[in-house]
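Novice: Got entry-v8.txt for you, compact mmCIF, C-alpha atoms:
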```txt
# COMPACT_ATOMS: atom_id res chain seq x y z
CA MET A 377 64.80 71.70 105.44
CA LYS A 378 61.93 72.41 103.04
CA ILE A 379 60.88 76.05 102.67
CA ILE A 380 57.62 76.83 100.91
CA SER A 381 56.70 80.21 99.43
CA ILE A 382 53.00 80.75 98.75
CA ILE A 383 52.60 82.92 95.67
CA LYS A 384 49.72 84.55 93.82
CA GLN A 385 49.25 86.32 90.52
CA VAL A 386 47.47 89.66 90.71
CA PRO A 387 46.76 92.64 88.43
CA ASP A 388 49.70 94.97 87.93
CA ALA A 389 49.48 97.96 90.27
CA GLU A 390 49.40 100.29 87.24
CA ALA A 391 46.53 98.41 85.56
CA ARG A 392 43.13 100.06 85.15
CA ILE A 393 40.43 97.88 86.72
CA ARG A 394 36.85 98.31 85.52
CA ALA A 395 33.68 97.23 87.32
CA THR A 396 30.71 96.06 85.25
CA ALA A 397 27.23 94.80 86.13
CA SER A 398 28.53 91.22 85.97
CA GLY A 399 31.69 91.81 88.02
CA ILE A 400 35.26 93.01 87.55
CA ASP A 401 36.37 93.30 83.93
CA LEU A 402 39.95 92.04 83.62
CA GLU A 403 40.11 92.15 79.82
CA GLY A 404 43.52 93.43 78.73
CA VAL A 405 44.85 93.65 82.31
CA THR A 406 48.51 92.73 82.87
CA PHE A 407 49.07 90.21 85.66
CA VAL A 408 52.24 89.83 87.74
CA ILE A 409 53.46 87.92 90.78
CA ASP A 410 52.15 89.58 93.95
CA GLY A 411 54.87 91.96 95.19
CA MET A 412 54.40 90.85 98.81
CA ASP A 413 55.03 87.23 97.78
CA GLU A 414 58.32 88.14 96.12
CA TYR A 415 59.73 89.02 99.54
CA GLY A 416 59.05 85.45 100.67
CA VAL A 417 60.76 83.90 97.64
CA GLU A 418 63.73 86.23 98.08
CA GLN A 419 64.04 85.45 101.79
CA SER A 420 64.09 81.71 101.13
CA LEU A 421 66.93 82.26 98.66
CA ARG A 422 68.87 84.38 101.14
CA LEU A 423 68.51 81.75 103.87
CA ARG A 424 70.04 79.14 101.58
CA GLU A 425 72.81 81.52 100.59
CA THR A 426 73.81 81.74 104.26
CA GLY A 427 74.59 78.00 104.14
CA LEU A 428 71.23 76.57 105.18
CA ASP A 429 70.61 73.19 103.53
CA ALA A 430 67.16 73.81 102.08
CA GLU A 431 64.90 72.85 99.21
CA LEU A 432 62.85 75.82 98.01
CA ILE A 433 59.33 75.18 96.75
CA SER A 434 56.79 77.64 95.34
CA ILE A 435 53.09 76.80 95.68
CA ALA A 436 50.22 78.60 93.98
CA LEU A 437 46.47 78.08 94.21
CA GLY A 438 44.53 79.63 91.36
CA PRO A 439 43.63 79.55 87.65
CA LYS A 440 45.86 78.46 84.78
CA ARG A 441 47.27 81.97 84.26
CA PHE A 442 49.01 81.70 87.68
CA GLU A 443 51.67 79.68 85.87
CA GLU A 444 53.32 82.94 84.78
CA ALA A 445 53.84 83.99 88.41
CA ILE A 446 55.09 80.50 89.25
CA ARG A 447 57.68 80.70 86.48
CA THR A 448 58.81 84.05 87.87
CA SER A 449 59.48 82.45 91.26
CA LEU A 450 61.38 79.61 89.58
CA ALA A 451 63.44 82.12 87.61
CA MET A 452 64.27 83.93 90.87
CA GLY A 453 65.69 80.66 92.20
CA SER A 454 63.04 78.32 93.64
CA ASP A 455 63.89 74.67 92.97
CA ARG A 456 60.44 73.42 91.98
CA ALA A 457 56.80 74.42 92.10
CA ILE A 458 53.31 73.06 92.66
CA HIS A 459 50.25 74.60 91.02
CA ILE A 460 46.83 73.69 92.43
CA GLU A 461 44.75 74.77 89.47
CA THR A 462 41.20 76.02 90.00
CA ASP A 463 38.97 78.76 88.62
CA GLU A 464 36.95 78.93 91.85
CA ALA A 465 37.19 82.25 93.73
CA LEU A 466 38.08 80.79 97.13
CA ASP A 467 38.10 82.96 100.24
CA PRO A 468 41.34 83.13 102.31
CA ILE A 469 40.08 80.67 104.99
CA THR A 470 39.27 78.03 102.36
CA GLN A 471 42.55 78.70 100.56
CA ALA A 472 44.40 78.15 103.84
CA LYS A 473 42.80 74.74 104.34
CA VAL A 474 43.75 73.63 100.84
CA LEU A 475 47.31 74.94 101.17
CA ALA A 476 47.75 73.39 104.63
CA ASN A 477 47.04 69.95 103.15
CA ILE A 478 49.82 70.22 100.57
CA ILE A 479 52.24 71.83 103.08
CA LYS A 480 51.76 68.86 105.42
CA GLU A 481 52.22 66.42 102.56
CA GLU A 482 55.49 68.10 101.56
CA GLY A 483 56.77 68.07 105.15
CA ALA A 484 57.83 71.74 105.07
CA GLU A 485 59.33 73.42 108.14
CA LEU A 486 59.01 77.05 107.11
CA VAL A 487 56.30 78.76 105.05
CA PHE A 488 56.39 82.30 103.66
CA VAL A 489 53.17 84.12 102.75
CA GLY A 490 52.84 87.68 101.45
CA GLY A 491 51.72 90.03 104.21
CA LYS A 492 48.71 91.34 102.30
CA GLU A 493 47.08 89.78 99.25
CA ALA A 494 46.56 92.33 96.52
CA ASP A 495 43.57 90.51 95.02
CA TRP A 496 41.53 90.25 98.24
CA ASP A 497 43.18 93.32 99.83
CA SER A 498 43.44 91.08 102.87
CA ALA A 499 46.11 90.09 105.38
CA ALA A 500 44.17 86.96 106.35
CA LEU A 501 45.93 84.21 104.41
CA GLY A 502 49.13 83.95 106.48
CA PRO A 503 47.42 83.71 109.88
CA ALA A 504 44.78 81.37 108.41
CA VAL A 505 47.48 79.01 107.07
CA ALA A 506 49.19 79.02 110.47
CA GLU A 507 45.86 78.25 112.19
CA ALA A 508 45.09 75.42 109.76
CA LEU A 509 48.52 73.91 110.41
CA GLY A 510 48.56 74.62 114.16
CA TRP A 511 51.94 76.38 113.77
CA PRO A 512 53.27 79.61 115.32
CA HIS A 513 53.10 82.69 113.11
CA SER A 514 54.90 86.01 112.73
CA ASP A 515 53.09 88.74 110.80
CA TRP A 516 54.52 91.79 109.00
CA THR A 517 58.06 90.48 109.43
CA THR A 518 61.03 92.77 108.75
CA LYS A 519 63.94 90.60 109.97
CA LEU A 520 64.43 86.84 110.17
CA VAL A 521 67.19 84.48 111.31
CA VAL A 522 67.03 80.66 111.42
CA SER A 523 69.01 79.08 114.25
CA GLY A 524 68.79 75.32 114.57
CA SER A 525 65.16 74.37 115.29
CA SER A 526 64.01 77.91 116.05
CA LEU A 527 63.37 81.18 114.28
CA SER A 528 64.21 84.68 115.50
CA VAL A 529 62.01 87.35 113.91
CA THR A 530 61.39 91.06 114.18
CA HIS A 531 57.97 92.26 113.12
CA ASP A 532 55.95 95.46 113.12
CA SER A 533 53.44 96.05 115.89
CA ASP A 534 51.09 98.87 116.88
CA GLU A 535 53.71 100.18 119.32
CA GLY A 536 56.69 99.89 116.94
CA SER A 537 58.35 96.50 116.56
CA GLU A 538 58.83 93.27 118.50
CA THR A 539 61.48 90.55 118.42
CA LEU A 540 60.19 87.02 118.90
CA THR A 541 61.63 83.51 118.97
CA LEU A 542 59.43 80.86 117.33
CA PRO A 543 59.91 77.09 117.24
CA LEU A 544 59.96 75.49 113.81
CA PRO A 545 57.85 74.66 111.87
CA ALA A 546 56.38 78.14 111.51
CA VAL A 547 54.56 80.49 109.13
CA VAL A 548 55.95 83.96 108.37
CA THR A 549 54.17 86.74 106.51
CA THR A 550 56.52 89.03 104.62
CA GLN A 551 56.51 92.69 103.68
CA GLN A 552 58.62 95.54 102.32
CA GLY A 553 61.69 96.07 104.49
CA LEU A 554 62.47 92.38 104.94
CA ASN A 555 64.64 92.38 101.80
CA GLU A 556 64.90 93.66 98.24
CA PRO A 557 63.76 90.97 95.76
CA ARG A 558 66.18 90.19 92.94
CA TYR A 559 65.31 90.39 89.27
CA PRO A 560 65.40 87.08 87.38
CA THR A 561 68.35 86.96 85.00
CA LEU A 562 67.97 85.72 81.43
CA PRO A 563 69.94 82.48 82.12
CA ASN A 564 67.72 81.78 85.14
CA ILE A 565 64.58 82.50 83.11
CA MET A 566 65.71 79.85 80.63
CA LYS A 567 66.55 77.39 83.43
CA ALA A 568 63.10 77.95 84.97
CA LYS A 569 61.49 76.40 81.89
CA ARG A 570 63.18 73.10 82.73
CA LYS A 571 62.34 73.06 86.44
CA GLU A 572 59.61 70.83 87.81
CA LEU A 573 56.11 72.34 87.87
CA LYS A 574 53.65 69.85 89.31
CA LYS A 575 49.99 70.36 88.43
CA LEU A 576 47.21 69.32 90.81
CA ALA A 577 43.44 69.66 90.74
CA LEU A 578 41.57 71.07 93.71
CA SER A 579 40.09 67.61 94.31
CA ASP A 580 43.62 66.24 94.79
CA VAL A 581 44.12 68.26 97.98
CA GLY A 582 40.76 68.17 99.75
CA SER A 583 38.28 70.50 98.00
CA PRO A 584 36.81 72.08 101.17
CA SER A 585 33.62 74.11 100.70
CA GLY A 586 34.02 77.90 100.64
CA LYS A 587 32.88 80.09 103.53
CA THR A 588 32.16 83.19 101.45
CA GLN A 589 29.57 83.79 98.73
CA LEU A 590 30.26 86.65 96.34
CA LEU A 591 27.02 88.55 95.70
CA ARG A 592 28.14 91.75 93.97
CA GLN A 593 31.26 93.63 92.88
CA GLU A 594 31.45 97.39 92.35
CA ILE A 595 33.87 100.29 92.54
CA GLN A 596 33.04 102.53 95.50
CA THR A 597 32.27 106.14 94.58
CA LYS A 598 31.41 109.07 96.82
CA SER A 599 29.88 112.38 95.83
CA ARG A 600 31.67 115.55 96.89
CA LEU A 601 29.94 118.15 99.08
CA ASN A 602 31.82 120.98 97.35
CA LYS A 603 31.84 123.20 100.42
CA VAL A 604 34.15 126.21 100.24
CA LEU A 605 35.33 127.77 103.52
CA THR A 606 35.73 131.53 103.58
CA GLY A 607 37.30 133.96 106.01
CA ASP A 608 40.86 134.19 107.31
CA ALA A 609 42.99 131.11 107.98
CA ALA A 610 42.11 130.89 111.70
CA GLU A 611 38.36 131.08 111.07
CA ALA A 612 38.54 128.58 108.18
CA ALA A 613 40.54 126.13 110.30
CA LYS A 614 38.02 126.39 113.16
CA GLU A 615 35.09 125.81 110.80
CA LEU A 616 36.87 122.89 109.13
CA ALA A 617 37.46 121.24 112.52
CA ARG A 618 33.77 121.71 113.38
CA LEU A 619 32.60 120.18 110.09
CA LEU A 620 34.94 117.19 110.45
CA HIS A 621 33.72 116.61 114.00
CA GLU A 622 29.99 117.29 113.72
CA GLU A 623 29.13 116.41 110.10
CA ALA A 624 31.79 114.07 108.77
CA LYS A 625 32.34 112.56 112.26
CA VAL A 626 35.94 111.60 111.49
CA ILE A 627 37.48 113.39 114.48
```
Translate this structure into structure tokens?
Specialist:
Amino acid sequence: MKIISIIKQVPDAEARIRATASGIDLEGVTFVIDGMDEYGVEQSLRLRETGLDAELISIALGPKRFEEAIRTSLAMGSDRAIHIETDEALDPITQAKVLANIIKEEGAELVFVGGKEADWDSAALGPAVAEALGWPHSDWTTKLVVSGSSLSVTHDSDEGSETLTLPLPAVVTTQQGLNEPRYPTLPNIMKAKRKELKKLALSDVGSPSGKTQLLRQEIQTKSRLNKVLTGDAAEAAKELARLLHEEAKVI
């Protein structure tokens, strides 16, 4: 079995992001592997540790700097990696089409995608990859077991959680609760430098046209009303409820 983990490199959660007239200023920002994607890499490792005969492949679609995140996945334990290098800011639907081409070419049977991309703040990539491939998909997965040619998963839903059985091949989006990703050890970091990292250009895997045009980027700011409620607690609570309902219209 081939298991593919889709990974991205995103700004560290503690980094300060600045918006300028020309876009987002990333000067001096520290980049790391997307935390959601780490759950996918970890789960692929755990499946193999249960005795599953599997080759583990990390795939990234993005600029040259993504190589750092790729090396992190290799140091965690992935066998090899593929980097589709591009500086184009592709929307999730276009990314999915590109990734689906390489997934088909590799003949993978299971694909892990982070539940929510930190760069787009979107949960679209996993379902979009599944749609592009025509495969079943489990989102926000918290438990996973491979049994023969099928997959048993538990995932979060609006009502709580559901347990599903999916035929392979399938796409699974991962999240916190599925596992606890391991830290790469120093020996594995050194071994990662010798593992295969295949470089491809966007033109090598289809180059579909993007569906989204970026017009402007800015940090959202809202002015405060600075209203102070007076009176006793009961009166203040009643007035607050009225303001939230009639003026703010949030309840």
Novice: What lies within 8 Å of Ile458 of chain A using only C-alpha atoms, ignoring chain neighbours under 6 positions off, as a compact mmCIF listing (two decimals) with C-alpha atoms, in the frame of the given file?
Specialist:
```
# COMPACT_ATOMS: atom_id res chain seq x y z
CA ILE A 433 59.33 75.18 96.75
CA SER A 434 56.79 77.64 95.34
CA ILE A 435 53.09 76.80 95.68
CA ALA A 436 50.22 78.60 93.98
CA LEU A 573 56.11 72.34 87.87
CA LYS A 574 53.65 69.85 89.31
CA LYS A 575 49.99 70.36 88.43
CA LEU A 576 47.21 69.32 90.81
```
Novice: Smallest atom-to-atom distance to Ile469 of chain A: which of A:Ser585, A:Ser525, A:Ser381, A:Thr549, using only C-alpha atoms?
Specialist: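 The answer is A:Ser585, which sits nearest to Ile469 of chain A.
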Novice: For atom CA of Ala451 of chain A and atom CA of Trp511 of chain A, determine how far apart the two atoms are, in Å to one decimal place.
Specialist: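 Computed distance, atom CA of Ala451 of chain A to atom CA of Trp511 of chain A, equals 29.1 Å.
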Novice: Would you mind reading off the distance between atom CA of His513 of chain A and atom CA of Leu544 of chain A, one decimal, in Å?
Specialist: 10.0 Å
Novice: Would you please work out which residue, of A:Leu590, A:Leu540, A:Ile383, A:Ala472, is nearest to Ala500 of chain A when using all atoms listed in the file?
Specialist: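 Checking each of A:Leu590, A:Leu540, A:Ile383, A:Ala472 against Ala500 of chain A, counting all atoms listed in the file, the winner is A:Ala472.
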Novice: Skip segment 551-565 of chain A itself and residues of its chain fewer than 5 positions away, then list as JSON, numbers by chain all residues within 8 Å of it, counting all atoms listed in the file.
Specialist: {"A": [412, 414, 415, 417, 418, 419, 447, 448, 450, 451, 452, 453, 490, 491, 516, 517, 518, 519, 520]}
Novice: In the coordinate frame of the file, compute which residues have an atom within 12 Å of (66.6, 73.2, 109.0) when using only C-alpha atoms, and state them as a list in words.
Specialist: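 Checking each residue against the 12 Å limit leaves Met377, Lys378, Ile379, Ser420, Leu423, Arg424, Gly427, Leu428, Asp429, Ala430, Glu431, Leu432, Gly483, Ala484, Glu485, Leu486, Val521, Val522, Ser523, Gly524, Ser525, Ser526, Leu527, Pro543, Leu544, Pro545 and Ala546 of chain A.
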Novice: To one decimal in Å, tell me the separation between atom CA of Ser514 of chain A and atom CA of Val529 of chain A.
Specialist: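 Between atom CA of Ser514 of chain A and atom CA of Val529 of chain A the gap works out to 7.3 Å.
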Novice: So, with all atoms listed in the file as the atoms that count, which of A:Ala457, A:Leu509, A:Ala612, A:Val386 lies closest to Lys569 of chain A?
Specialist: A:Ala457
